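*Asks:* Have a peek at start_5.cif (mmCIF, C-alpha atoms and all ligand atoms).
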data_final
loop_
_atom_site.label_atom_id
_atom_site.label_comp_id
_atom_site.auth_asym_id
_atom_site.auth_seq_id
_atom_site.Cartn_x
_atom_site.Cartn_y
_atom_site.Cartn_z
CA MET J 1 -43.36 43.29 -44.84
CA ASN J 2 -44.82 40.50 -46.96
CA TYR J 3 -43.72 37.36 -45.19
CA GLN J 4 -43.51 33.94 -46.85
CA ASN J 5 -43.61 30.53 -45.27
CA THR J 6 -40.56 29.18 -47.11
CA LEU J 7 -37.04 28.23 -46.09
CA ALA J 8 -35.56 30.49 -48.77
CA PHE J 9 -37.44 33.49 -47.43
CA ALA J 10 -36.40 32.79 -43.82
CA GLN J 11 -32.77 32.39 -44.92
CA GLN J 12 -32.94 35.65 -46.80
CA LEU J 13 -34.14 37.46 -43.65
CA ASP J 14 -31.27 35.86 -41.71
CA GLU J 15 -28.83 37.03 -44.34
CA GLN J 16 -30.05 40.62 -43.98
CA ASP J 17 -30.04 40.46 -40.16
CA GLU J 18 -27.43 42.84 -38.73
CA LEU J 19 -27.31 40.75 -35.52
CA LYS J 20 -26.85 37.40 -37.27
CA ASN J 21 -23.34 36.86 -35.89
CA TYR J 22 -24.49 37.05 -32.27
CA ARG J 23 -26.00 33.58 -32.48
CA ASN J 24 -22.43 32.24 -32.59
CA LYS J 25 -21.71 33.90 -29.28
CA PHE J 26 -24.13 31.55 -27.47
CA HIS J 27 -24.19 27.85 -26.67
CA ILE J 28 -27.24 26.39 -28.44
CA PRO J 29 -28.23 23.18 -26.59
CA VAL J 30 -27.82 19.93 -28.52
CA ILE J 31 -30.15 17.29 -27.08
CA ASN J 32 -30.05 13.66 -28.28
CA GLY J 33 -27.79 14.76 -31.09
CA ILE J 34 -30.22 17.41 -32.40
CA GLU J 35 -29.43 21.11 -32.24
CA THR J 36 -32.53 22.42 -30.55
CA LEU J 37 -34.87 25.12 -31.72
CA TYR J 38 -34.71 27.07 -28.47
CA PHE J 39 -37.72 29.30 -27.76
CA THR J 40 -37.55 29.58 -23.98
CA GLY J 41 -35.31 32.60 -23.59
CA ASN J 42 -38.21 34.02 -21.54
CA SER J 43 -37.63 31.29 -18.98
CA LEU J 44 -33.88 30.69 -19.04
CA GLY J 45 -31.77 32.60 -21.54
CA LEU J 46 -28.91 30.73 -23.22
CA GLN J 47 -25.34 30.83 -22.03
CA PRO J 48 -22.94 33.22 -23.74
CA LYS J 49 -19.75 31.42 -24.76
CA SER J 50 -17.86 34.16 -22.91
CA THR J 51 -19.43 33.35 -19.52
CA ALA J 52 -16.87 30.71 -18.55
CA ALA J 53 -13.97 33.13 -19.05
CA TYR J 54 -15.69 35.82 -16.96
CA ILE J 55 -16.24 33.41 -14.07
CA ASN J 56 -12.74 32.00 -14.44
CA GLN J 57 -11.26 35.45 -14.11
CA GLU J 58 -12.76 35.71 -10.63
CA LEU J 59 -11.77 32.16 -9.68
CA GLU J 60 -8.20 32.92 -10.73
CA ASP J 61 -8.13 36.19 -8.86
CA TRP J 62 -9.51 34.48 -5.78
CA ALA J 63 -6.79 31.82 -6.06
CA LYS J 64 -4.12 34.44 -6.66
CA TRP J 65 -5.13 37.10 -4.17
CA GLY J 66 -7.38 35.58 -1.51
CA VAL J 67 -9.00 38.39 0.47
CA GLU J 68 -6.77 40.97 -1.23
CA GLY J 69 -8.90 40.37 -4.35
CA HIS J 70 -11.46 42.78 -2.86
CA PHE J 71 -9.08 45.53 -3.95
CA HIS J 72 -6.55 43.91 -6.29
CA ALA J 73 -8.60 41.58 -8.48
CA LYS J 74 -8.82 42.70 -12.10
CA ASN J 75 -12.38 43.77 -11.33
CA PRO J 76 -12.09 44.55 -7.60
CA TRP J 77 -14.84 42.74 -5.66
CA PHE J 78 -15.36 45.63 -3.26
CA SER J 79 -16.98 47.61 -6.05
CA TYR J 80 -17.85 44.77 -8.45
CA HIS J 81 -21.55 45.68 -8.57
CA GLU J 82 -20.74 49.27 -9.61
CA GLN J 83 -19.83 48.05 -13.10
CA PHE J 84 -23.51 47.34 -13.74
CA ALA J 85 -24.89 50.80 -13.01
CA GLU J 86 -24.31 52.31 -16.48
CA PRO J 87 -25.23 49.36 -18.72
CA ILE J 88 -28.25 48.27 -16.65
CA ALA J 89 -29.51 51.85 -16.46
CA LYS J 90 -29.54 51.85 -20.28
CA ILE J 91 -31.49 48.59 -20.42
CA VAL J 92 -34.26 49.78 -18.07
CA GLY J 93 -34.23 53.50 -18.87
CA ALA J 94 -32.96 54.80 -15.54
CA LEU J 95 -30.19 56.94 -14.13
CA PRO J 96 -27.15 54.91 -13.10
CA LYS J 97 -27.68 55.83 -9.45
CA GLU J 98 -31.24 54.47 -9.61
CA VAL J 99 -30.21 50.86 -10.23
CA VAL J 100 -28.24 48.20 -8.44
CA VAL J 101 -27.73 44.48 -8.92
CA MET J 102 -28.18 42.31 -5.83
CA ASN J 103 -29.85 39.18 -4.40
CA ASN J 104 -32.60 37.33 -6.27
CA LEU J 105 -35.84 38.60 -7.66
CA THR J 106 -38.45 37.65 -5.08
CA VAL J 107 -36.10 38.66 -2.27
CA ASN J 108 -35.77 42.08 -3.89
CA LEU J 109 -39.50 42.41 -4.42
CA ASN J 110 -40.02 41.84 -0.72
CA LEU J 111 -37.27 44.31 0.21
CA LEU J 112 -38.78 46.99 -2.01
CA LEU J 113 -42.23 46.40 -0.57
CA VAL J 114 -40.76 47.02 2.88
CA SER J 115 -40.06 50.55 1.67
CA PHE J 116 -43.00 51.13 -0.64
CA TYR J 117 -45.83 49.30 1.05
CA ARG J 118 -46.28 51.23 4.31
CA PRO J 119 -49.94 50.64 5.03
CA THR J 120 -51.99 52.73 7.44
CA LYS J 121 -55.57 52.17 8.64
CA GLN J 122 -56.80 54.46 5.87
CA ARG J 123 -54.37 53.57 3.11
CA TYR J 124 -53.53 49.88 2.91
CA LYS J 125 -54.66 48.48 -0.44
CA ILE J 126 -52.58 47.15 -3.33
CA VAL J 127 -53.69 46.98 -6.95
CA CYS J 128 -52.17 43.96 -8.73
CA GLU J 129 -52.85 41.53 -11.59
CA ALA J 130 -55.18 38.60 -11.10
CA LYS J 131 -53.18 35.38 -11.60
CA ALA J 132 -49.85 37.16 -11.27
CA PHE J 133 -46.75 34.96 -11.24
CA PRO J 134 -47.20 32.86 -8.06
CA SER J 135 -44.06 34.14 -6.35
CA ASP J 136 -45.39 37.71 -6.61
CA GLN J 137 -48.81 36.65 -5.33
CA TYR J 138 -47.23 35.04 -2.27
CA ALA J 139 -44.99 38.04 -1.63
CA LEU J 140 -47.96 40.43 -1.76
CA GLU J 141 -50.15 38.19 0.37
CA MET J 142 -47.55 37.92 3.11
CA GLN J 143 -46.56 41.59 3.01
CA VAL J 144 -50.21 42.43 3.64
CA ARG J 145 -50.49 39.85 6.42
CA SER J 146 -47.24 40.88 8.07
CA ALA J 147 -48.56 44.42 8.24
CA GLY J 148 -51.66 43.15 10.04
CA PHE J 149 -54.14 43.43 7.18
CA ASN J 150 -56.36 40.92 5.41
CA PRO J 151 -55.24 40.04 1.85
CA GLU J 152 -58.83 39.29 0.82
CA GLU J 153 -59.68 42.89 1.48
CA ALA J 154 -56.39 44.63 0.78
CA LEU J 155 -55.44 43.06 -2.56
CA ILE J 156 -57.37 44.38 -5.55
CA GLU J 157 -56.79 41.93 -8.38
CA VAL J 158 -57.53 43.21 -11.88
CA ALA J 159 -58.52 40.44 -14.32
CA PRO J 160 -59.32 40.24 -18.03
CA ARG J 161 -62.96 41.00 -18.76
CA GLU J 162 -65.36 38.14 -19.40
CA GLY J 163 -64.46 36.50 -22.71
CA GLU J 164 -61.15 38.39 -23.02
CA ARG J 165 -57.62 37.06 -22.64
CA THR J 166 -55.66 40.16 -21.68
CA ILE J 167 -56.17 42.87 -19.09
CA ARG J 168 -57.19 46.32 -20.26
CA ASN J 169 -55.00 49.17 -19.04
CA GLU J 170 -58.14 51.21 -18.49
CA ASP J 171 -59.32 48.58 -16.00
CA PHE J 172 -56.11 48.99 -13.96
CA ILE J 173 -56.65 52.71 -13.99
CA LYS J 174 -60.29 52.38 -12.99
CA ALA J 175 -59.33 50.10 -10.07
CA ILE J 176 -56.71 52.64 -8.96
CA GLU J 177 -59.19 55.52 -9.12
CA GLU J 178 -61.85 53.54 -7.29
CA ALA J 179 -59.45 52.61 -4.50
CA GLY J 180 -58.49 56.29 -4.27
CA SER J 181 -57.17 57.30 -0.87
CA SER J 182 -57.30 53.69 0.39
CA LEU J 183 -54.60 52.71 -2.13
CA ALA J 184 -51.07 52.35 -0.76
CA CYS J 185 -49.33 50.80 -3.72
CA VAL J 186 -49.62 49.37 -7.23
CA MET J 187 -47.46 46.34 -8.01
CA ILE J 188 -47.87 44.52 -11.30
CA GLY J 189 -45.69 42.68 -13.80
CA GLY J 190 -44.64 45.08 -16.58
CA VAL J 191 -45.06 42.18 -19.02
CA ASN J 192 -47.57 39.49 -18.06
CA TYR J 193 -45.67 36.20 -17.84
CA PHE J 194 -48.53 34.15 -19.26
CA THR J 195 -49.84 36.18 -22.18
CA GLY J 196 -46.76 38.29 -22.90
CA GLN J 197 -48.93 41.43 -22.74
CA VAL J 198 -47.02 44.66 -22.03
CA PHE J 199 -48.90 47.05 -19.75
CA ASP J 200 -48.94 50.82 -20.10
CA MET J 201 -46.55 51.48 -17.23
CA LYS J 202 -46.50 55.22 -17.78
CA ALA J 203 -50.27 55.63 -17.58
CA ILE J 204 -50.58 53.25 -14.62
CA THR J 205 -47.86 55.10 -12.72
CA GLU J 206 -49.55 58.44 -13.38
CA ALA J 207 -52.88 57.10 -12.15
CA ALA J 208 -51.27 55.73 -8.97
CA HIS J 209 -49.58 59.05 -8.26
CA GLN J 210 -52.88 60.89 -8.83
CA VAL J 211 -54.36 59.12 -5.82
CA GLY J 212 -51.18 59.42 -3.75
CA ALA J 213 -50.01 55.81 -4.05
CA TYR J 214 -46.60 54.38 -4.95
CA CYS J 215 -46.22 52.39 -8.16
CA GLY J 216 -43.81 49.54 -8.85
CA PHE J 217 -43.33 46.80 -11.42
CA ASP J 218 -41.90 43.32 -11.52
CA LEU J 219 -39.93 43.39 -14.77
CA ALA J 220 -38.88 39.72 -14.89
CA HIS J 221 -40.34 39.41 -18.39
CA ALA J 222 -39.54 42.96 -19.43
CA ALA J 223 -35.86 43.62 -18.72
CA GLY J 224 -33.86 43.04 -21.88
CA ASN J 225 -37.07 42.37 -23.79
CA ILE J 226 -38.97 45.63 -24.25
CA GLU J 227 -38.27 49.34 -24.22
CA LEU J 228 -38.35 50.67 -20.66
CA LYS J 229 -38.17 54.28 -19.47
CA LEU J 230 -38.55 53.85 -15.75
CA HIS J 231 -37.10 57.24 -14.86
CA ASP J 232 -39.14 59.22 -17.39
CA TRP J 233 -42.30 57.35 -16.44
CA LYS J 234 -41.56 58.30 -12.80
CA VAL J 235 -41.99 54.71 -11.65
CA ASP J 236 -41.21 54.50 -7.91
CA PHE J 237 -39.57 51.08 -7.81
CA ALA J 238 -38.97 47.98 -9.92
CA CYS J 239 -37.09 44.70 -9.86
CA TRP J 240 -36.22 41.99 -12.37
CA CYS J 241 -34.23 38.81 -12.70
CA SER J 242 -31.21 38.32 -14.93
CA TYR J 243 -31.67 34.73 -16.03
CA LYS J 244 -34.57 35.18 -18.49
CA TYR J 245 -33.95 37.65 -21.32
CA LEU J 246 -30.70 38.77 -19.71
CA ASN J 247 -28.94 35.38 -20.13
CA SER J 248 -27.07 35.43 -16.83
CA GLY J 249 -27.56 31.84 -15.71
CA PRO J 250 -29.97 29.84 -13.53
CA GLY J 251 -30.85 31.63 -10.31
CA GLY J 252 -28.68 34.57 -11.39
CA VAL J 253 -28.60 37.90 -9.58
CA SER J 254 -31.49 40.32 -9.75
CA GLY J 255 -31.62 44.05 -10.36
CA ILE J 256 -33.62 46.81 -8.72
CA TYR J 257 -34.57 50.35 -9.64
CA VAL J 258 -35.54 53.04 -7.14
CA ASN J 259 -36.53 56.49 -8.40
CA GLU J 260 -33.96 59.19 -7.68
CA LYS J 261 -36.27 61.10 -5.36
CA HIS J 262 -36.57 58.08 -3.07
CA CYS J 263 -32.81 57.46 -3.27
CA ASN J 264 -32.28 60.94 -1.88
CA ASN J 265 -34.74 60.39 0.95
CA THR J 266 -32.56 58.89 3.69
CA GLU J 267 -35.61 58.76 6.00
CA LEU J 268 -37.39 56.16 3.84
CA PRO J 269 -37.84 52.97 5.90
CA ARG J 270 -35.93 49.96 4.61
CA PHE J 271 -34.16 46.83 5.73
CA ALA J 272 -30.44 47.45 5.93
CA GLY J 273 -26.99 45.94 5.97
CA TRP J 274 -23.44 47.20 5.71
CA TRP J 275 -23.34 47.32 1.89
CA GLY J 276 -26.08 49.96 1.87
CA HIS J 277 -24.17 52.17 4.28
CA GLU J 278 -22.22 55.22 3.05
CA LYS J 279 -19.18 53.93 1.23
CA GLU J 280 -16.72 56.40 2.80
CA THR J 281 -17.45 55.34 6.36
CA ARG J 282 -18.46 51.72 5.81
CA PHE J 283 -15.26 50.31 7.21
CA LEU J 284 -15.25 52.48 10.32
CA MET J 285 -17.73 49.88 11.54
CA GLU J 286 -19.61 52.46 13.58
CA LYS J 287 -23.07 52.44 15.07
CA GLY J 288 -25.86 54.16 13.12
CA PHE J 289 -27.00 53.26 9.57
CA LYS J 290 -26.31 56.00 7.04
CA PRO J 291 -27.85 54.97 3.69
CA MET J 292 -26.09 55.76 0.42
CA LYS J 293 -28.04 58.20 -1.75
CA SER J 294 -28.55 55.69 -4.55
CA ALA J 295 -30.31 52.38 -5.11
CA GLU J 296 -27.21 50.83 -3.52
CA ALA J 297 -28.72 51.82 -0.16
CA TRP J 298 -31.01 48.77 -0.53
CA GLN J 299 -28.01 46.42 -0.72
CA MET J 300 -27.44 44.51 2.44
CA SER J 301 -24.62 42.13 1.63
CA ASN J 302 -21.38 42.31 -0.29
CA ALA J 303 -21.55 41.30 -3.94
CA PRO J 304 -21.90 37.59 -4.93
CA VAL J 305 -19.07 37.93 -7.43
CA LEU J 306 -19.26 34.52 -9.13
CA THR J 307 -22.90 34.88 -10.21
CA MET J 308 -22.26 38.53 -10.99
CA ALA J 309 -19.43 37.52 -13.31
CA ALA J 310 -21.94 35.49 -15.34
CA HIS J 311 -24.22 38.54 -15.36
CA LYS J 312 -21.38 40.74 -16.57
CA ALA J 313 -20.65 38.44 -19.52
CA ALA J 314 -24.24 38.86 -20.69
CA VAL J 315 -24.58 42.55 -19.88
CA ASP J 316 -21.45 43.32 -21.90
CA ILE J 317 -23.13 41.75 -24.93
CA PHE J 318 -26.26 43.86 -24.38
CA ASP J 319 -24.13 46.95 -24.05
CA GLU J 320 -22.32 46.20 -27.28
CA VAL J 321 -25.55 45.64 -29.24
CA GLY J 322 -27.81 48.23 -27.59
CA MET J 323 -31.55 47.86 -27.00
CA GLU J 324 -32.49 49.68 -30.19
CA LYS J 325 -31.18 47.00 -32.55
CA LEU J 326 -32.58 44.25 -30.36
CA LEU J 327 -36.04 45.80 -30.41
CA LYS J 328 -35.92 46.24 -34.16
CA LYS J 329 -35.09 42.59 -34.81
CA GLN J 330 -37.43 41.37 -32.09
CA ARG J 331 -40.42 42.94 -33.81
CA LEU J 332 -39.61 41.24 -37.10
CA LEU J 333 -39.01 37.88 -35.41
CA SER J 334 -42.28 37.80 -33.47
CA SER J 335 -44.23 39.12 -36.45
CA TYR J 336 -42.76 36.31 -38.54
CA LEU J 337 -43.78 33.81 -35.88
CA GLU J 338 -47.32 35.22 -35.90
CA PHE J 339 -47.40 34.95 -39.67
CA ILE J 340 -46.31 31.28 -39.55
CA ILE J 341 -48.89 30.45 -36.87
CA ASP J 342 -51.64 32.16 -38.87
CA ASP J 343 -50.55 30.26 -41.97
CA ILE J 344 -50.73 26.92 -40.13
CA ASN J 345 -54.07 27.93 -38.72
CA SER J 346 -55.59 28.45 -42.14
CA TYR J 347 -54.10 25.10 -43.16
CA LEU J 348 -55.86 23.53 -40.15
CA THR J 349 -59.17 25.09 -41.07
CA THR J 350 -59.06 23.66 -44.57
CA HIS J 351 -57.68 20.22 -43.70
CA HIS J 352 -59.40 19.30 -40.47
CA SER J 353 -62.95 20.26 -41.21
CA SER J 354 -65.53 17.98 -39.78
CA PRO J 355 -69.10 19.19 -39.41
CA ASN J 356 -69.66 17.71 -35.96
CA THR J 357 -66.58 18.60 -33.93
CA GLN J 358 -65.03 21.90 -33.10
CA HIS J 359 -62.09 22.62 -35.38
CA PRO J 360 -58.70 22.30 -33.78
CA SER J 361 -57.03 25.67 -34.06
CA LEU J 362 -54.21 27.84 -32.84
CA GLU J 363 -55.21 31.09 -31.14
CA ILE J 364 -52.58 33.74 -30.47
CA ILE J 365 -53.51 35.42 -27.17
CA THR J 366 -50.57 37.84 -27.09
CA PRO J 367 -51.50 41.31 -28.35
CA ARG J 368 -50.32 41.84 -31.92
CA ASN J 369 -49.63 45.52 -31.51
CA TRP J 370 -45.86 46.06 -31.22
CA ASN J 371 -46.30 48.40 -28.27
CA GLU J 372 -48.17 45.80 -26.30
CA ARG J 373 -45.85 42.83 -26.53
CA GLY J 374 -42.19 41.84 -26.59
CA CYS J 375 -40.58 38.62 -27.82
CA GLN J 376 -43.12 36.27 -26.35
CA VAL J 377 -46.02 34.83 -28.32
CA SER J 378 -48.51 32.72 -26.34
CA ILE J 379 -50.72 30.36 -28.27
CA VAL J 380 -53.77 28.41 -27.15
CA ALA J 381 -53.74 25.09 -28.98
CA HIS J 382 -57.47 24.34 -29.13
CA GLY J 383 -58.14 20.64 -29.41
CA TYR J 384 -54.62 19.59 -28.37
CA GLY J 385 -53.06 18.46 -25.11
CA LYS J 386 -49.63 18.10 -23.59
CA ASN J 387 -48.92 15.36 -26.12
CA LEU J 388 -48.31 18.12 -28.67
CA PHE J 389 -45.64 19.67 -26.48
CA ASN J 390 -43.98 16.27 -26.01
CA LYS J 391 -43.95 15.62 -29.74
CA LEU J 392 -42.31 18.99 -30.32
CA LEU J 393 -39.73 18.26 -27.64
CA ASP J 394 -38.92 14.92 -29.29
CA LYS J 395 -38.10 16.82 -32.47
CA GLY J 396 -35.81 19.18 -30.57
CA VAL J 397 -38.20 22.12 -30.21
CA ILE J 398 -37.99 23.64 -26.75
CA THR J 399 -41.11 25.59 -25.85
CA ASP J 400 -42.94 26.18 -22.63
CA TRP J 401 -46.22 24.42 -21.93
CA ARG J 402 -48.86 25.67 -19.47
CA GLU J 403 -51.86 23.52 -18.64
CA PRO J 404 -54.32 22.96 -20.10
CA ASN J 405 -53.20 23.94 -23.63
CA VAL J 406 -51.03 27.06 -23.83
CA ILE J 407 -47.69 27.11 -25.63
CA ARG J 408 -45.40 30.04 -24.87
CA LEU J 409 -42.64 30.79 -27.37
CA ALA J 410 -40.11 33.57 -27.22
CA PRO J 411 -37.83 33.95 -30.21
CA VAL J 412 -35.13 36.29 -28.90
CA PRO J 413 -33.17 38.64 -31.14
CA LEU J 414 -29.71 37.77 -29.78
CA TYR J 415 -29.65 34.13 -30.78
CA ASN J 416 -32.85 33.07 -32.55
CA SER J 417 -33.04 33.17 -36.33
CA PHE J 418 -35.84 33.45 -38.84
CA THR J 419 -34.88 29.95 -39.99
CA ASP J 420 -35.55 28.70 -36.42
CA ILE J 421 -39.09 29.98 -36.79
CA TYR J 422 -39.59 28.53 -40.25
CA LYS J 423 -38.35 25.11 -39.05
CA PHE J 424 -40.58 25.31 -35.99
CA GLY J 425 -43.57 25.93 -38.26
CA GLU J 426 -42.79 22.86 -40.36
CA ILE J 427 -42.40 20.63 -37.30
CA LEU J 428 -45.58 22.00 -35.72
CA LYS J 429 -47.60 21.47 -38.90
CA ASN J 430 -46.39 17.89 -39.21
CA ASN J 431 -47.37 17.09 -35.63
CA LEU J 432 -50.85 18.59 -35.50
C1 LIG Q 501 -39.50 34.42 -13.17
C2 LIG Q 501 -40.31 35.21 -12.23
C3 LIG Q 501 -40.09 35.16 -10.85
C4 LIG Q 501 -39.05 34.23 -10.26
O1 LIG Q 501 -38.60 34.68 -9.03
P1 LIG Q 501 -37.19 34.23 -8.44
O2 LIG Q 501 -37.14 34.95 -7.15
O3 LIG Q 501 -36.13 34.63 -9.41
O4 LIG Q 501 -37.22 32.74 -8.27
C5 LIG Q 501 -40.85 35.98 -10.04
N1 LIG Q 501 -41.79 36.80 -10.55
C6 LIG Q 501 -42.04 36.87 -11.88
C7 LIG Q 501 -43.08 37.80 -12.42
C8 LIG Q 501 -41.32 36.07 -12.75
O5 LIG Q 501 -41.57 36.12 -14.07
#
Show the structure stored in the file as structure tokens.

*Replies:*
Amino acid sequence: MNYQNTLAFAQQLDEQDELKNYRNKFHIPVINGIETLYFTGNSLGLQPKSTAAYINQELEDWAKWGVEGHFHAKNPWFSYHEQFAEPIAKIVGALPKEVVVMNNLTVNLNLLLVSFYRPTKQRYKIVCEAKAFPSDQYALEMQVRSAGFNPEEALIEVAPREGERTIRNEDFIKAIEEAGSSLACVMIGGVNYFTGQVFDMKAITEAAHQVGAYCGFDLAHAAGNIELKLHDWKVDFACWCSYKYLNSGPGGVSGIYVNEKHCNNTELPRFAGWWGHEKETRFLMEKGFKPMKSAEAWQMSNAPVLTMAAHKAAVDIFDEVGMEKLLKKQRLLSSYLEFIIDDINSYLTTHHSSPNTQHPSLEIITPRNWNERGCQVSIVAHGYGKNLFNKLLDKGVITDWREPNVIRLAPVPLYNSFTDIYKFGEILKNNL
């Protein structure tokens, strides 16, 4: 498409957008009297207007029924989590029995590693990303230590090559092949939180299986953002949070995926609690853990219904729209953002030229290929500091700043518009 950096053009794209009415289904923050340009759906997705009613339903049923709500609430709490199996399976490309919603993300990552990182003297290494999200780094470090191994030796961190910003898939695969029979597990973010790069999960999983290792992904920045086919790719395990692209509220519940073949293996080691025990005999309260033959076997506690109600409000919207339409709009939105950034960049080159100093410039470090990125566009603002971020914030533009000079923006298809992006470009240009 031939994009134009004009308000009329952005408005025309909004007019043609089949998802345009969804913006009205969300609360757009108004700060200091200005309706914000909100680009941090990758950090905390906005609140659906329906969320309050979903939570209220449970509060009312709790008031009305007390403990009887477990069976008599409109959405009985005993099986509340079961409502997520179908719609979440569609979002991550899994079978309904392969997913469950429970706990929080890092908790789930640790629980999955209990099952899928079973190091032996010969096979104890983990391939991961260098500079992974800190929570994941800490989880891996302590899993290795708790098993009696040395993280320095056991963790194989794959980094971008010298002078490059993103990690090559082939370098993950090379690291996996080199580790060979010493590799226990691969655990990387499906979408890198910093650059927005999407990794080739299918190829990485195949490589891990070739050497006899398990392969899992942290999908915090992937769920609800990119196309996932966890089952077809034969991924062993995955987890994600619901508060980023999935709009389910701060600290909201997390989801996990466990491949069918592991769900059927009742011998697989795991931490356990009563909610993972066979449903039919759960209330006999007998000795001896009998895991369900689904991802639910990893549940330990009964469902946190109030946070799950917020999740359900958002998931119902996803189910109504479907990932296909979201992906289609997402590609146009981020391409438009790239176009605007490139346009401002050429403006910078012509207006800020000085022979002695390095030109200030904006460098997009997110891959431009649609298959290698989702909503997020990460930009290095060469020659600028945090002051730029503060100036944007003053004008009502909410972005995410990472030291020393990276701006992360994620226009999301459910509530961002092409006009948001056009306006952002104007504000950015006037503050450079
Ligand atoms: C957001 C994010 C987290 C956050 O973990 P919580 O347990 O939800 O606090 C962890 N890992 C990655 C990769 C993330 O992007």

*Asks:* Env of Ser182 in chain J: 12 Å cut, atoms = all atoms listed in the file, seq-sep filter 3 positions within chain, self excluded. Answer as a ChimeraX atom specification.

*Replies:* /J:118-127,153-156,175-179,185-186,208,211-214

*Asks:* Could you give me, as a ChimeraX atom specification, the residues that have an atom at most 7 Å away from the point (-33.3, 54.9, -1.4) in the coordinates of the file, using all atoms listed in the file?

*Replies:* /J:258,262-266,268,293-295,297-298

*Asks:* Which residue is closest to ligand LIG 501 (chain Q)? Choose from J:Asp218, J:Asp232, J:Glu320, J:Glu338 and count only C-alpha atoms and all ligand atoms.

*Replies:* J:Asp218

*Asks:* Mind listing the residues within 6 Å of ligand LIG 501 (chain Q), all atoms listed in the file counted, as an MDAnalysis selection string?

*Replies:* chainID J and resid 104:106 133 135:136 189 193 218 220:221 241

*Asks:* Export C-alpha atoms of the chosen residues as a PDB file, keeping the file's coordinate frame?

*Replies:*
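Dumped to part_36.pdb:
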ATOM      1  CA  ASN J 104     -32.600  37.330  -6.270  1.00  0.00           C
ATOM      2  CA  LEU J 105     -35.840  38.600  -7.660  1.00  0.00           C
ATOM      3  CA  THR J 106     -38.450  37.650  -5.080  1.00  0.00           C
ATOM      4  CA  PHE J 133     -46.750  34.960 -11.240  1.00  0.00           C
ATOM      5  CA  SER J 135     -44.060  34.140  -6.350  1.00  0.00           C
ATOM      6  CA  ASP J 136     -45.390  37.710  -6.610  1.00  0.00           C
ATOM      7  CA  GLY J 189     -45.690  42.680 -13.800  1.00  0.00           C
ATOM      8  CA  TYR J 193     -45.670  36.200 -17.840  1.00  0.00           C
ATOM      9  CA  ASP J 218     -41.900  43.320 -11.520  1.00  0.00           C
ATOM     10  CA  ALA J 220     -38.880  39.720 -14.890  1.00  0.00           C
ATOM     11  CA  HIS J 221     -40.340  39.410 -18.390  1.00  0.00           C
ATOM     12  CA  CYS J 241     -34.230  38.810 -12.700  1.00  0.00           C
TER      13      CYS J 241
END

*Asks:* Name the residues in contact with Lys429 in chain J at a cut-off of 12 Å, using all atoms listed in the file, excluding same-chain residues fewer than 6 positions from it; report them as a VMD selection string.

*Replies:* chain J and resid 5 340 to 348 351 361 to 362 388 391 to 392 422 to 423

*Asks:* So which one's closest to Glu260 in chain J, J:Val144, J:Leu414, J:Leu183, J:Leu230? Using all atoms listed in the file, please.

*Replies:*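 Among J:Val144, J:Leu414, J:Leu183, J:Leu230, it is J:Leu230 that comes nearest to Glu260 in chain J.
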
*Asks:* When distances are computed from only C-alpha atoms, which of J:Asn56, J:Ser43, J:Ser334, J:Phe389 shows the smallest separation from Tyr245 in chain J?

*Replies:*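 Among the listed residues, the smallest separation from Tyr245 in chain J belongs to J:Ser43.
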
*Asks:* Env of range 307-312 of chain J: 8 Å cut, atoms = only C-alpha atoms, seq-sep filter 3 positions within chain, self excluded. Answer as an NGL selection string.

*Replies:* :J and (51-52 or 54-55 or 58 or 81 or 84 or 242 or 246-249 or 252-253 or 303-304 or 315-316)

*Asks:* What is the CA of Glu363 in chain J to CA of Ile379 in chain J distance in Å?

*Replies:*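 That distance, rounded to one decimal, is 5.4 Å.
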